[in-house]
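Source file: protein-v6.txt (compact mmCIF, N, CA and C atoms)
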# COMPACT_ATOMS: atom_id res chain seq x y z
N MET Z 184 152.65 79.04 35.34
CA MET Z 184 153.41 79.55 36.47
C MET Z 184 152.63 79.37 37.77
N ARG Z 185 151.36 79.59 37.69
CA ARG Z 185 150.52 79.47 38.88
C ARG Z 185 150.50 78.04 39.42
N LYS Z 186 150.47 77.06 38.50
CA LYS Z 186 150.48 75.65 38.90
C LYS Z 186 151.81 75.29 39.57
N LEU Z 187 152.89 75.83 39.06
CA LEU Z 187 154.20 75.58 39.65
C LEU Z 187 154.26 76.13 41.07
N LEU Z 188 153.76 77.33 41.26
CA LEU Z 188 153.74 77.93 42.58
C LEU Z 188 152.89 77.11 43.54
N LEU Z 189 151.76 76.66 43.08
CA LEU Z 189 150.88 75.83 43.91
C LEU Z 189 151.57 74.52 44.28
N ALA Z 190 152.24 73.91 43.32
CA ALA Z 190 152.95 72.65 43.58
C ALA Z 190 154.04 72.86 44.63
N VAL Z 191 154.77 73.96 44.55
CA VAL Z 191 155.83 74.25 45.52
C VAL Z 191 155.23 74.46 46.90
N LEU Z 192 154.11 75.14 46.97
CA LEU Z 192 153.48 75.40 48.26
C LEU Z 192 152.94 74.12 48.89
N VAL Z 193 152.58 73.14 48.08
CA VAL Z 193 152.09 71.86 48.60
C VAL Z 193 153.26 71.00 49.06
N VAL Z 194 154.33 70.96 48.29
CA VAL Z 194 155.47 70.09 48.58
C VAL Z 194 156.34 70.63 49.71
N LEU Z 195 156.48 71.91 49.81
CA LEU Z 195 157.36 72.51 50.81
C LEU Z 195 157.03 72.07 52.24
N PRO Z 196 155.78 72.10 52.68
CA PRO Z 196 155.50 71.61 54.04
C PRO Z 196 155.81 70.13 54.22
N LEU Z 197 155.64 69.34 53.17
CA LEU Z 197 155.95 67.92 53.26
C LEU Z 197 157.44 67.70 53.47
N MET Z 198 158.24 68.54 52.86
CA MET Z 198 159.69 68.41 53.01
C MET Z 198 160.11 68.70 54.45
N THR Z 199 159.43 69.59 55.12
CA THR Z 199 159.80 69.90 56.50
C THR Z 199 159.41 68.77 57.45
N LEU Z 200 158.48 67.92 57.02
CA LEU Z 200 158.07 66.79 57.85
C LEU Z 200 159.06 65.63 57.76
N ALA Z 201 159.86 65.61 56.71
CA ALA Z 201 160.83 64.52 56.55
C ALA Z 201 161.85 64.58 57.68
N ALA Z 202 162.23 63.42 58.16
CA ALA Z 202 163.19 63.35 59.26
C ALA Z 202 164.57 63.80 58.79
N SER Z 203 165.29 64.40 59.69
CA SER Z 203 166.66 64.79 59.40
C SER Z 203 167.52 63.54 59.37
N PRO Z 204 168.54 63.51 58.52
CA PRO Z 204 169.43 62.34 58.49
C PRO Z 204 170.09 62.14 59.85
N GLU Z 205 170.29 60.89 60.20
CA GLU Z 205 170.99 60.54 61.43
C GLU Z 205 172.28 59.82 61.07
N THR Z 206 173.22 59.82 61.99
CA THR Z 206 174.49 59.13 61.79
C THR Z 206 174.75 58.23 63.00
N ILE Z 207 175.14 56.99 62.71
CA ILE Z 207 175.53 56.07 63.78
C ILE Z 207 176.88 55.46 63.42
N THR Z 208 177.53 54.95 64.42
CA THR Z 208 178.79 54.23 64.20
C THR Z 208 178.57 52.78 64.63
N LEU Z 209 179.00 51.89 63.76
CA LEU Z 209 178.91 50.45 64.04
C LEU Z 209 180.30 49.92 64.34
N ASP Z 210 180.40 49.05 65.34
CA ASP Z 210 181.62 48.29 65.58
C ASP Z 210 181.51 47.05 64.71
N VAL Z 211 182.47 46.86 63.82
CA VAL Z 211 182.41 45.76 62.85
C VAL Z 211 183.52 44.76 63.14
N ARG Z 212 183.12 43.54 63.42
CA ARG Z 212 184.09 42.49 63.71
C ARG Z 212 184.48 41.74 62.43
N LYS Z 213 185.56 41.02 62.52
CA LYS Z 213 186.06 40.13 61.48
C LYS Z 213 186.63 40.84 60.26
N MET Z 214 186.92 42.15 60.34
CA MET Z 214 187.60 42.81 59.23
C MET Z 214 189.10 42.55 59.41
N THR Z 215 189.65 41.72 58.54
CA THR Z 215 191.05 41.30 58.71
C THR Z 215 191.96 41.68 57.54
N CYS Z 216 191.38 42.17 56.45
CA CYS Z 216 192.22 42.52 55.29
C CYS Z 216 191.72 43.81 54.65
N ALA Z 217 192.48 44.32 53.71
CA ALA Z 217 192.15 45.59 53.07
C ALA Z 217 190.88 45.54 52.24
N VAL Z 218 190.45 44.36 51.83
CA VAL Z 218 189.23 44.22 51.02
C VAL Z 218 187.98 44.20 51.90
N CYS Z 219 188.09 43.83 53.14
CA CYS Z 219 186.94 43.75 54.05
C CYS Z 219 186.12 45.04 54.12
N PRO Z 220 186.76 46.21 54.27
CA PRO Z 220 185.97 47.44 54.35
C PRO Z 220 185.13 47.70 53.09
N ILE Z 221 185.62 47.27 51.95
CA ILE Z 221 184.88 47.45 50.70
C ILE Z 221 183.59 46.63 50.75
N THR Z 222 183.69 45.40 51.22
CA THR Z 222 182.52 44.54 51.33
C THR Z 222 181.53 45.10 52.34
N VAL Z 223 182.02 45.57 53.47
CA VAL Z 223 181.15 46.17 54.50
C VAL Z 223 180.44 47.39 53.93
N LYS Z 224 181.18 48.25 53.26
CA LYS Z 224 180.60 49.47 52.69
C LYS Z 224 179.52 49.13 51.68
N LYS Z 225 179.80 48.20 50.79
CA LYS Z 225 178.81 47.83 49.77
C LYS Z 225 177.55 47.23 50.40
N SER Z 226 177.72 46.44 51.45
CA SER Z 226 176.54 45.84 52.09
C SER Z 226 175.66 46.92 52.73
N LEU Z 227 176.28 47.93 53.31
CA LEU Z 227 175.51 49.01 53.95
C LEU Z 227 174.88 49.93 52.92
N GLU Z 228 175.56 50.17 51.80
CA GLU Z 228 175.01 51.04 50.76
C GLU Z 228 173.76 50.46 50.12
N LYS Z 229 173.59 49.16 50.22
CA LYS Z 229 172.40 48.50 49.66
C LYS Z 229 171.16 48.66 50.54
N VAL Z 230 171.34 49.09 51.77
CA VAL Z 230 170.20 49.26 52.69
C VAL Z 230 169.44 50.52 52.27
N PRO Z 231 168.14 50.39 51.95
CA PRO Z 231 167.37 51.58 51.56
C PRO Z 231 167.38 52.63 52.67
N GLY Z 232 167.65 53.87 52.28
CA GLY Z 232 167.69 54.95 53.25
C GLY Z 232 169.09 55.35 53.68
N VAL Z 233 170.08 54.53 53.38
CA VAL Z 233 171.48 54.86 53.72
C VAL Z 233 172.01 55.82 52.66
N SER Z 234 172.56 56.95 53.11
CA SER Z 234 173.05 57.95 52.17
C SER Z 234 174.57 58.08 52.14
N ASP Z 235 175.24 57.62 53.20
CA ASP Z 235 176.71 57.73 53.22
C ASP Z 235 177.28 56.68 54.16
N VAL Z 236 178.42 56.11 53.75
CA VAL Z 236 179.09 55.09 54.57
C VAL Z 236 180.58 55.37 54.54
N LYS Z 237 181.19 55.39 55.70
CA LYS Z 237 182.65 55.49 55.81
C LYS Z 237 183.11 54.36 56.72
N VAL Z 238 184.00 53.52 56.20
CA VAL Z 238 184.49 52.38 56.96
C VAL Z 238 185.94 52.64 57.33
N ASP Z 239 186.27 52.42 58.60
CA ASP Z 239 187.62 52.61 59.10
C ASP Z 239 188.18 51.23 59.47
N PHE Z 240 189.11 50.76 58.65
CA PHE Z 240 189.70 49.44 58.85
C PHE Z 240 190.48 49.37 60.16
N VAL Z 241 191.24 50.40 60.46
CA VAL Z 241 192.08 50.41 61.66
C VAL Z 241 191.22 50.36 62.93
N GLU Z 242 190.19 51.18 62.98
CA GLU Z 242 189.32 51.24 64.16
C GLU Z 242 188.25 50.14 64.15
N LYS Z 243 188.08 49.47 63.02
CA LYS Z 243 187.06 48.41 62.87
C LYS Z 243 185.65 48.99 63.09
N THR Z 244 185.40 50.14 62.43
CA THR Z 244 184.09 50.79 62.56
C THR Z 244 183.55 51.17 61.19
N ALA Z 245 182.23 51.38 61.16
CA ALA Z 245 181.56 51.94 59.98
C ALA Z 245 180.66 53.06 60.48
N THR Z 246 180.82 54.23 59.89
CA THR Z 246 179.97 55.37 60.24
C THR Z 246 178.97 55.53 59.11
N VAL Z 247 177.68 55.48 59.49
CA VAL Z 247 176.61 55.42 58.49
C VAL Z 247 175.65 56.59 58.70
N THR Z 248 175.37 57.32 57.62
CA THR Z 248 174.35 58.37 57.62
C THR Z 248 173.14 57.81 56.91
N PHE Z 249 171.96 57.99 57.53
CA PHE Z 249 170.76 57.35 56.99
C PHE Z 249 169.50 58.14 57.31
N ASP Z 250 168.44 57.82 56.60
CA ASP Z 250 167.12 58.42 56.82
C ASP Z 250 166.37 57.51 57.80
N PRO Z 251 166.09 57.99 59.01
CA PRO Z 251 165.44 57.15 60.01
C PRO Z 251 163.99 56.77 59.64
N ASP Z 252 163.42 57.46 58.66
CA ASP Z 252 162.08 57.08 58.19
C ASP Z 252 162.13 55.86 57.28
N LYS Z 253 163.33 55.54 56.78
CA LYS Z 253 163.47 54.43 55.82
C LYS Z 253 164.22 53.23 56.36
N THR Z 254 165.04 53.42 57.38
CA THR Z 254 165.81 52.30 57.90
C THR Z 254 166.16 52.54 59.37
N ASN Z 255 166.82 51.54 59.95
CA ASN Z 255 167.21 51.64 61.36
C ASN Z 255 168.50 50.86 61.58
N SER Z 256 169.01 50.94 62.78
CA SER Z 256 170.30 50.29 63.08
C SER Z 256 170.22 48.78 62.92
N GLU Z 257 169.08 48.20 63.22
CA GLU Z 257 168.94 46.75 63.09
C GLU Z 257 169.12 46.30 61.64
N ALA Z 258 168.57 47.05 60.70
CA ALA Z 258 168.73 46.70 59.28
C ALA Z 258 170.20 46.78 58.86
N MET Z 259 170.92 47.73 59.42
CA MET Z 259 172.33 47.89 59.07
C MET Z 259 173.19 46.78 59.68
N THR Z 260 172.94 46.44 60.94
CA THR Z 260 173.71 45.36 61.54
C THR Z 260 173.40 44.03 60.87
N THR Z 261 172.16 43.86 60.44
CA THR Z 261 171.79 42.65 59.69
C THR Z 261 172.53 42.60 58.36
N ALA Z 262 172.62 43.74 57.68
CA ALA Z 262 173.31 43.79 56.38
C ALA Z 262 174.78 43.40 56.50
N THR Z 263 175.47 43.93 57.52
CA THR Z 263 176.89 43.58 57.66
C THR Z 263 177.05 42.13 58.09
N THR Z 264 176.18 41.68 58.96
CA THR Z 264 176.24 40.28 59.42
C THR Z 264 176.02 39.33 58.25
N ASN Z 265 175.04 39.64 57.40
CA ASN Z 265 174.78 38.80 56.23
C ASN Z 265 175.95 38.80 55.25
N ALA Z 266 176.75 39.87 55.27
CA ALA Z 266 177.93 39.94 54.40
C ALA Z 266 179.14 39.24 55.04
N GLY Z 267 178.96 38.74 56.27
CA GLY Z 267 180.04 38.01 56.93
C GLY Z 267 180.79 38.82 57.97
N TYR Z 268 180.27 40.02 58.28
CA TYR Z 268 180.95 40.90 59.22
C TYR Z 268 179.96 41.36 60.29
N PRO Z 269 179.79 40.56 61.34
CA PRO Z 269 178.85 40.93 62.40
C PRO Z 269 179.20 42.31 62.97
N SER Z 270 178.15 43.09 63.26
CA SER Z 270 178.38 44.42 63.82
C SER Z 270 177.37 44.72 64.91
N THR Z 271 177.73 45.70 65.72
CA THR Z 271 176.85 46.21 66.77
C THR Z 271 176.95 47.72 66.75
N VAL Z 272 175.95 48.38 67.30
CA VAL Z 272 175.98 49.83 67.40
C VAL Z 272 177.03 50.21 68.44
N HIS Z 273 177.91 51.11 68.05
CA HIS Z 273 178.98 51.59 68.94
C HIS Z 273 178.36 52.39 70.07
N LYS Z 274 178.80 52.12 71.29
CA LYS Z 274 178.24 52.82 72.45
C LYS Z 274 179.18 53.88 72.93
Please re-express this file's structure in structure tokens.
Amino acid sequence: MRKLLLAVLVVLPLMTLAASPETITLDVRKMTCAVCPITVKKSLEKVPGVSDVKVDFVEKTATVTFDPDKTNSEAMTTATTNAGYPSTVHK
């Protein structure tokens, strides 16, 4: 029991140092059919650090929640571009 308590006391401060998840919206071009959002979503889900993706076909956007310690907007725009759907960070 004492070792467990010690382990918790060591890990707890490290957890507070972890960055809070961030959310960005990407403007995604070239989505022309109902299957396009699926491809965009899958490409973004493969980026390490991405925890949630919602793609809106009508608005041509992808809203991405991610760990900023593990990834950034450039990695996400590269992922969609490599999948055939160039994107930029929504302003």
For atom CA of Ala258 of chain Z and atom CA of Val230 of chain Z, determine how far apart the two atoms are, in Å to one decimal place.
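Result for atom CA of Ala258 of chain Z versus atom CA of Val230 of chain Z: 7.2 Å, one decimal.
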Which residues, written as a compact mmCIF listing (two decimals) with N, CA and C atoms, in the frame of the given file, have at least one atom at most 12 Å from Glu205 of chain Z, with only C-alpha atoms counted and residues fewer than 6 positions away on the same chain left out?
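Final output, selection.txt:
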# COMPACT_ATOMS: atom_id res chain seq x y z
N GLY Z 232 167.65 53.87 52.28
CA GLY Z 232 167.69 54.95 53.25
C GLY Z 232 169.09 55.35 53.68
N VAL Z 233 170.08 54.53 53.38
CA VAL Z 233 171.48 54.86 53.72
C VAL Z 233 172.01 55.82 52.66
N SER Z 234 172.56 56.95 53.11
CA SER Z 234 173.05 57.95 52.17
C SER Z 234 174.57 58.08 52.14
N ASP Z 235 175.24 57.62 53.20
CA ASP Z 235 176.71 57.73 53.22
C ASP Z 235 177.28 56.68 54.16
N VAL Z 236 178.42 56.11 53.75
CA VAL Z 236 179.09 55.09 54.57
C VAL Z 236 180.58 55.37 54.54
N THR Z 246 180.82 54.23 59.89
CA THR Z 246 179.97 55.37 60.24
C THR Z 246 178.97 55.53 59.11
N VAL Z 247 177.68 55.48 59.49
CA VAL Z 247 176.61 55.42 58.49
C VAL Z 247 175.65 56.59 58.70
N THR Z 248 175.37 57.32 57.62
CA THR Z 248 174.35 58.37 57.62
C THR Z 248 173.14 57.81 56.91
N PHE Z 249 171.96 57.99 57.53
CA PHE Z 249 170.76 57.35 56.99
C PHE Z 249 169.50 58.14 57.31
N ASP Z 250 168.44 57.82 56.60
CA ASP Z 250 167.12 58.42 56.82
C ASP Z 250 166.37 57.51 57.80
N PRO Z 251 166.09 57.99 59.01
CA PRO Z 251 165.44 57.15 60.01
C PRO Z 251 163.99 56.77 59.64
N ASP Z 252 163.42 57.46 58.66
CA ASP Z 252 162.08 57.08 58.19
C ASP Z 252 162.13 55.86 57.28
N LYS Z 253 163.33 55.54 56.78
CA LYS Z 253 163.47 54.43 55.82
C LYS Z 253 164.22 53.23 56.36
N THR Z 254 165.04 53.42 57.38
CA THR Z 254 165.81 52.30 57.90
C THR Z 254 166.16 52.54 59.37
N ASN Z 255 166.82 51.54 59.95
CA ASN Z 255 167.21 51.64 61.36
C ASN Z 255 168.50 50.86 61.58
N SER Z 256 169.01 50.94 62.78
CA SER Z 256 170.30 50.29 63.08
C SER Z 256 170.22 48.78 62.92
Rounded to one decimal, what separation in Å do you get between atom N of Lys243 of chain Z and atom C of Asn265 of chain Z?
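Value for the atom N of Lys243 of chain Z-atom C of Asn265 of chain Z distance: 17.9 Å.
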If you count only N, CA and C atoms, which residues fall within 8 Å of Thr263 of chain Z, apart from same-chain ones fewer than 2 positions away, as a list of chain:residue names?
Z:Val211, Z:Thr222, Z:Val223, Z:Lys224, Z:Ser226, Z:Leu227, Z:Glu257, Z:Ala258, Z:Met259, Z:Thr260, Z:Thr261, Z:Asn265, Z:Ala266, Z:Gly267, Z:Tyr268, Z:Pro269, Z:Ser270
What is the atom N of Ile207 of chain Z to atom CA of Lys229 of chain Z distance in Å?
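Interatomic distance here is 15.8 Å.
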So which residues of chain Z fall under strand (DSSP E or B) by DSSP, listed as a list in words?
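Filtering chain Z to strand (DSSP E or B) leaves Glu205, Thr206, Ile207, Thr208, Leu209, Asp210, Val211, Val233, Ser234, Asp235, Val236, Lys237, Val238, Asp239, Thr244, Ala245, Thr246, Val247, Thr248, Phe249, Ser270, Thr271 and Val272 of chain Z.
In the backbone-derived DSSP annotation, helix (DSSP H, G or I) within segment 222-273 of chain Z comprises Thr222, Val223, Lys224, Lys225, Ser226, Leu227, Glu228, Ser256, Glu257, Ala258, Met259, Thr260, Thr261, Ala262, Thr263, Thr264 and Asn265 of chain Z.
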